[in-house]
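Visitor: Can you read through this structure? Questions will come right after.
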Amino acid sequence: MSGLLEGKKALVTGAGSGIGAAVARRVAADGAAEVYAVDLDPERVKALAAEVPAVTPIGCDLSDLDAVETLPADVDVLVNNAGRQHVSRLEAFDPDLFSNILRLMLESPFRLIRRSLPHMYERGWGRVVNISSAHGLRASPYKSAYVSAKHGLEGLSKVTALEGAEHGVTSNCINPAYVRTPLVEAQIADQARTHGISEDEVIEKIMLTPVARKRLIEPSETAELAAVLWGPASPSITGASLTQDGGWTAR
């Protein structure tokens, strides 16, 4: 275990599985004194805590903005990762679900950043890492809420970078293509149903069509990229969108 984050605290959302769990493990490996692992399913973060002693599990519905206001604010590393997906044509998209996704993926990160900045400013050091997506830079049909939320997160991250710069706080987005997570597995099924094709065809003909490197990304790869953003190379990396998309946005 490195002492890079010794004495520091982190909060990671969507930490019950996938990217969030991998990031929580990576933060702990870098010596964080406490890692608040937040997830809608408290049992999943309890299982993570049993594996990683630094983890404090917290169950929270991040689309409930009042609940967000009860989460710890004294954190030095904030990783906004929680998300959900829904695949539907615009004219059929449930407006309530659209609002729920924006609360979860844009308003909740805003609330968490807003709550964390005073602590970071006081200490003269802070790292905000926003797990965005290639869909924060590009659009796809049938994903209006997800694409809107990720585009908004990109802007929020850049504003945070500009305001936080004089206080030693950086803010960046990571923009992966499809990562092997439960969220992506659910998308495969949704896309198969929407397009009337098999799940294998979804991966080959839809998900990986724009990707030069024809493979799903492993969560640990995204966690390693996140670690760069709180590591020794991080002080001047801010306001950036770091693609991890297999060449998707090179087109």
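Residues in the structure tokens are numbered from 1 in each chain, the chains being A, B, ... in the order shown, and ligands are numbered from 1 in the order shown.
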Near A:Glu199, within 7 Å and counting only C-alpha atoms, which residues show up once chain neighbours fewer than 5 positions away are dropped, as a count of residues only?
Guide: 3
Visitor: I want to know what sits within 9 Å of A:Leu229, based on only C-alpha atoms, with residues of the same chain fewer than 6 positions away left out; could you give that as an NGL selection string?
Guide: :A and (127-129 or 170-172 or 235 or 237-238)
Visitor: List the neighbours of A:Leu156 out to 10 Å using only C-alpha atoms; skip same-chain residues closer than 2 positions along the sequence, and give me the result as a compact mmCIF listing (two decimals) with C-alpha atoms, in the first residue's frame.
Guide:
# COMPACT_ATOMS: atom_id res chain seq x y z
CA LEU A 106 -25.79 15.72 -12.80
CA GLU A 107 -27.54 17.34 -9.85
CA PRO A 109 -22.51 15.46 -8.49
CA PHE A 110 -23.17 19.20 -8.25
CA ILE A 113 -18.91 18.98 -5.28
CA ASN A 130 -15.99 12.70 -12.65
CA LYS A 150 -22.93 13.39 -19.25
CA HIS A 151 -22.66 16.52 -21.38
CA GLY A 152 -23.77 18.54 -18.37
CA LEU A 153 -21.22 16.80 -16.16
CA GLU A 154 -18.48 17.83 -18.58
CA LYS A 158 -14.73 22.45 -16.16
CA VAL A 159 -16.38 25.16 -14.03
CA THR A 160 -15.15 23.35 -10.91
CA ALA A 161 -11.62 23.30 -12.38
CA SER A 171 -11.45 18.61 -11.51
CA ASN A 172 -11.45 16.30 -14.49
CA CYS A 173 -13.60 13.87 -16.42
CA GLY A 239 -10.48 20.92 -16.69
Visitor: To one decimal place in Å, what is the distance between atom CA of A:Asn100 and atom CA of A:Ala21?
Guide: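 Separating atom CA of A:Asn100 from atom CA of A:Ala21 is a distance of 22.8 Å.
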Visitor: Skipping near chain neighbours, those fewer than 2 positions away, what residues fall within 8 Å of A:Lys143 using only C-alpha atoms, listed as a list in words?
Guide: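 Here the answer would be Gln85, His86, Val87, Ser88, Arg89, Ala139, Ser140, Pro141, Ala145, Tyr146 and Val147 of chain A.
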Visitor: List the spatial neighbours of A:Leu216 as a list in words - criterion: any atom at most 6 Å away, only C-alpha atoms, same-chain residues fewer than 2 positions off excluded.
Guide: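 So the residues in contact are Tyr178, Val179 and Arg180 of chain A.
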Visitor: With N, CA and C atoms retained, could you export that selection as a PDB file, in the first residue's frame?
Guide:
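Generated file (part.pdb):
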ATOM      1  N   TYR A 178     -17.382   1.579 -23.634  1.00  0.00           N
ATOM      2  CA  TYR A 178     -18.144   0.600 -22.855  1.00  0.00           C
ATOM      3  C   TYR A 178     -17.233  -0.205 -21.927  1.00  0.00           C
ATOM      4  N   VAL A 179     -17.542  -0.150 -20.641  1.00  0.00           N
ATOM      5  CA  VAL A 179     -16.788  -0.850 -19.609  1.00  0.00           C
ATOM      6  C   VAL A 179     -17.593  -2.068 -19.178  1.00  0.00           C
ATOM      7  N   ARG A 180     -16.915  -3.132 -18.849  1.00  0.00           N
ATOM      8  CA  ARG A 180     -17.598  -4.367 -18.459  1.00  0.00           C
ATOM      9  C   ARG A 180     -18.188  -4.207 -17.047  1.00  0.00           C
TER      10      ARG A 180
END
Visitor: With DSSP run on the backbone, what are the strand (DSSP E or B) residues within stretch 56-97 of chain A? I'd like them as a ChimeraX atom specification.
Guide: /A:56-59,77-80
Visitor: Store the residues picked out above, limited to C-alpha atoms, as a PDB file, in the first residue's frame.
Guide:
ATOM      1  CA  THR A  56     -16.980   2.792   5.134  1.00  0.00           C
ATOM      2  CA  PRO A  57     -20.151   1.572   3.402  1.00  0.00           C
ATOM      3  CA  ILE A  58     -23.058   3.988   2.919  1.00  0.00           C
ATOM      4  CA  GLY A  59     -26.376   3.141   1.309  1.00  0.00           C
ATOM      5  CA  VAL A  77     -10.925  13.030  -3.191  1.00  0.00           C
ATOM      6  CA  LEU A  78     -14.429  12.963  -4.656  1.00  0.00           C
ATOM      7  CA  VAL A  79     -15.268  10.477  -7.391  1.00  0.00           C
ATOM      8  CA  ASN A  80     -18.656  10.963  -9.036  1.00  0.00           C
TER       9      ASN A  80
END
Visitor: If you run DSSP on the backbone, which residues of stretch 71-243 of chain A are helix (DSSP H, G or I), as an NGL selection string?
Guide: :A and (90-92 or 95-123 or 134-136 or 144-167 or 182-195 or 199-207 or 219-228)
